[in-house]
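All remarks here apply to the structure that follows.
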Amino acid sequence: MASEKVTRRRVYEFAVFVLSVSVCFAVPIEVGDGNSSAQLYIEWKDGFILEYSVSFESASITGLELFDIVEAETTLETVREDFGFGIFVDGISYEDHNNIGFGGGDDWWHYWINNDDGQGWKSPAYGVADRILYDGDSDGWIYGHGGEPIPEPATIALFAIGALVFRKRCRRT
């Protein structure tokens with residue numbers, strides 16, 4: 001009888017674990033056509049996150065062209081300001097998630113890049129119009145805090161850590 005309770009408890013704990021992890025997984029929305037692809041990560045101040053996997057035909061595209069492909073196939077919209085020396089993304093909207101303009105402090109769109117070179121996320125010294133993305137590169141946009149984007153690979157790492165903890169816990173009981 002005690003063994004049956006332990007087994008039921010393990011099944012219950014595993015089910016809760018799987019459900020909670022599945023909620024964390026955000027499957028990137030696929031847009032565009034072509035043999036090359038880049039990722040676009042967007043996080044609004046309200047915590048809503050979108051990830052796009054953007055396919056393109058050419059060997060490279062700019063950060064603005066990355067947005068252009070997404071905007072052509074989804075309801076995502078950007079507000080762009082041209083200051084003569086470069087184009088500034090001043091707002092990004094998707095359905096009920098809208099952050100536009102400077103709101104003081106960290107309330108502005110922070111731009112991050114991640115080249116497919118294993119060096120991680122960096123805040124560039126240039127703007128989105130000058131950004132050149134190649135196959136495997138990523139761009140990240142965060143409103144309301146200056147922290148690095150945490151896209152899907154981090155979620156997968158958290159899943160792996162959780163699975164190891166669950167496995168170790170099951171061995172103890």
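Following the order of the structure tokens, chains are lettered A, B, ..., residues in each are numbered from 1, and ligands are numbered from 1.
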Contact residues around range 117-120 of chain A with only C-alpha atoms at 10 Å, ignoring same-chain residues under 5 positions, as an NGL selection string: :A and (112 or 136-138 or 148)
Output file for the selection above: C-alpha atoms, as a PDB file, in the first residue's frame:
ATOM      1  CA  TRP A 112      20.605  43.131 -28.146  1.00  0.00           C
ATOM      2  CA  GLY A 136      21.899  31.472 -37.094  1.00  0.00           C
ATOM      3  CA  ASP A 137      22.154  35.014 -35.682  1.00  0.00           C
ATOM      4  CA  SER A 138      19.595  36.536 -33.289  1.00  0.00           C
ATOM      5  CA  GLU A 148      19.749  40.214 -21.670  1.00  0.00           C
TER       6      GLU A 148
END
Contacts of Ile29 in chain A within 7 Å, only C-alpha atoms, excl. fewer than 5 positions in-chain, as a ChimeraX atom specification: /A:51-53
For Ile87 in chain A: contacts at 8 Å, only C-alpha atoms, fewer than 6 positions along chain excluded, given as a PyMOL selection string: chain A and resi 80-81+127-129
Which of range 3-145 of chain A DSSP labels strand (DSSP E), written as a ChimeraX atom specification: /A:29-32,36-43,49-56,60-62,77-82,87-94,97-100,109-114,132-134,138-143
Given the selection you just returned, output its residues as a file containing C-alpha atoms, formatted as a PDB file, in the first residue's frame.
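The result, written out as part_39.pdb:
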ATOM      1  CA  ILE A  29       6.702  31.547 -34.848  1.00  0.00           C
ATOM      2  CA  GLU A  30       8.081  30.724 -38.283  1.00  0.00           C
ATOM      3  CA  VAL A  31       7.884  33.427 -40.948  1.00  0.00           C
ATOM      4  CA  GLY A  32       9.572  34.130 -44.275  1.00  0.00           C
ATOM      5  CA  SER A  36      18.889  31.021 -44.067  1.00  0.00           C
ATOM      6  CA  SER A  37      17.216  31.953 -40.803  1.00  0.00           C
ATOM      7  CA  ALA A  38      17.656  34.324 -37.884  1.00  0.00           C
ATOM      8  CA  GLN A  39      15.773  34.649 -34.613  1.00  0.00           C
ATOM      9  CA  LEU A  40      13.885  37.674 -33.322  1.00  0.00           C
ATOM     10  CA  TYR A  41      13.127  37.833 -29.575  1.00  0.00           C
ATOM     11  CA  ILE A  42      10.780  40.537 -28.230  1.00  0.00           C
ATOM     12  CA  GLU A  43       9.829  41.114 -24.595  1.00  0.00           C
ATOM     13  CA  ILE A  49       7.340  37.430 -25.029  1.00  0.00           C
ATOM     14  CA  LEU A  50       7.343  36.550 -28.715  1.00  0.00           C
ATOM     15  CA  GLU A  51      10.009  34.662 -30.600  1.00  0.00           C
ATOM     16  CA  TYR A  52      10.196  34.465 -34.372  1.00  0.00           C
ATOM     17  CA  SER A  53      12.265  32.220 -36.585  1.00  0.00           C
ATOM     18  CA  VAL A  54      12.692  34.327 -39.718  1.00  0.00           C
ATOM     19  CA  SER A  55      13.740  32.605 -42.958  1.00  0.00           C
ATOM     20  CA  PHE A  56      15.316  34.555 -45.820  1.00  0.00           C
ATOM     21  CA  SER A  60      22.429  38.214 -44.967  1.00  0.00           C
ATOM     22  CA  ILE A  61      19.781  40.768 -44.017  1.00  0.00           C
ATOM     23  CA  THR A  62      19.675  43.883 -41.868  1.00  0.00           C
ATOM     24  CA  GLU A  77       4.086  46.607 -35.933  1.00  0.00           C
ATOM     25  CA  THR A  78       7.080  48.816 -35.265  1.00  0.00           C
ATOM     26  CA  VAL A  79       7.319  52.582 -34.870  1.00  0.00           C
ATOM     27  CA  ARG A  80      10.551  53.821 -36.459  1.00  0.00           C
ATOM     28  CA  GLU A  81      12.135  57.235 -36.160  1.00  0.00           C
ATOM     29  CA  ASP A  82      14.788  58.406 -38.629  1.00  0.00           C
ATOM     30  CA  ILE A  87      16.869  54.667 -37.646  1.00  0.00           C
ATOM     31  CA  PHE A  88      15.619  54.167 -34.101  1.00  0.00           C
ATOM     32  CA  VAL A  89      12.894  51.645 -33.170  1.00  0.00           C
ATOM     33  CA  ASP A  90      10.706  53.698 -30.851  1.00  0.00           C
ATOM     34  CA  GLY A  91       7.812  51.283 -30.465  1.00  0.00           C
ATOM     35  CA  ILE A  92       6.757  47.692 -30.973  1.00  0.00           C
ATOM     36  CA  SER A  93       3.124  46.560 -30.851  1.00  0.00           C
ATOM     37  CA  TYR A  94       1.472  43.164 -31.064  1.00  0.00           C
ATOM     38  CA  HIS A  97       0.979  44.540 -26.055  1.00  0.00           C
ATOM     39  CA  ASN A  98       2.218  48.040 -26.852  1.00  0.00           C
ATOM     40  CA  ASN A  99       5.308  49.835 -25.687  1.00  0.00           C
ATOM     41  CA  ILE A 100       5.979  53.051 -27.536  1.00  0.00           C
ATOM     42  CA  TRP A 109      13.476  49.458 -26.243  1.00  0.00           C
ATOM     43  CA  HIS A 110      16.861  47.894 -25.420  1.00  0.00           C
ATOM     44  CA  TYR A 111      18.503  46.290 -28.454  1.00  0.00           C
ATOM     45  CA  TRP A 112      20.605  43.131 -28.146  1.00  0.00           C
ATOM     46  CA  ILE A 113      22.420  41.026 -30.725  1.00  0.00           C
ATOM     47  CA  ASN A 114      23.676  37.469 -30.606  1.00  0.00           C
ATOM     48  CA  ILE A 132      23.830  42.556 -40.537  1.00  0.00           C
ATOM     49  CA  LEU A 133      22.408  39.140 -39.624  1.00  0.00           C
ATOM     50  CA  TYR A 134      23.605  35.860 -41.076  1.00  0.00           C
ATOM     51  CA  SER A 138      19.595  36.536 -33.289  1.00  0.00           C
ATOM     52  CA  ASP A 139      18.250  39.975 -32.412  1.00  0.00           C
ATOM     53  CA  GLY A 140      16.556  40.738 -29.102  1.00  0.00           C
ATOM     54  CA  TRP A 141      14.378  43.657 -28.023  1.00  0.00           C
ATOM     55  CA  ILE A 142      13.401  44.279 -24.398  1.00  0.00           C
ATOM     56  CA  TYR A 143      11.284  47.115 -23.025  1.00  0.00           C
TER      57      TYR A 143
END
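Coordinates place CA of Leu66 in chain A at a distance of 21.6 Å from CA of Lys45 in chain A.
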Secondary structure check, helix (DSSP H, G or I) residues of range 60-142 of chain A, as a ChimeraX atom specification: /A:63-73
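Proximity ranking of A:Gly101, A:Pro28, A:Ile150, A:Asp96 relative to Asp46 in chain A places A:Asp96 first, based on only C-alpha atoms.
Minimum atom-to-atom distance to Glu95 in chain A, evaluated using only C-alpha atoms, belongs to A:Leu76 out of A:Pro124, A:Glu65, A:Glu71, A:Leu76.
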For CA of Leu64 in chain A and CA of Ser123 in chain A, the interatomic separation in Å (one decimal): 16.3 Å
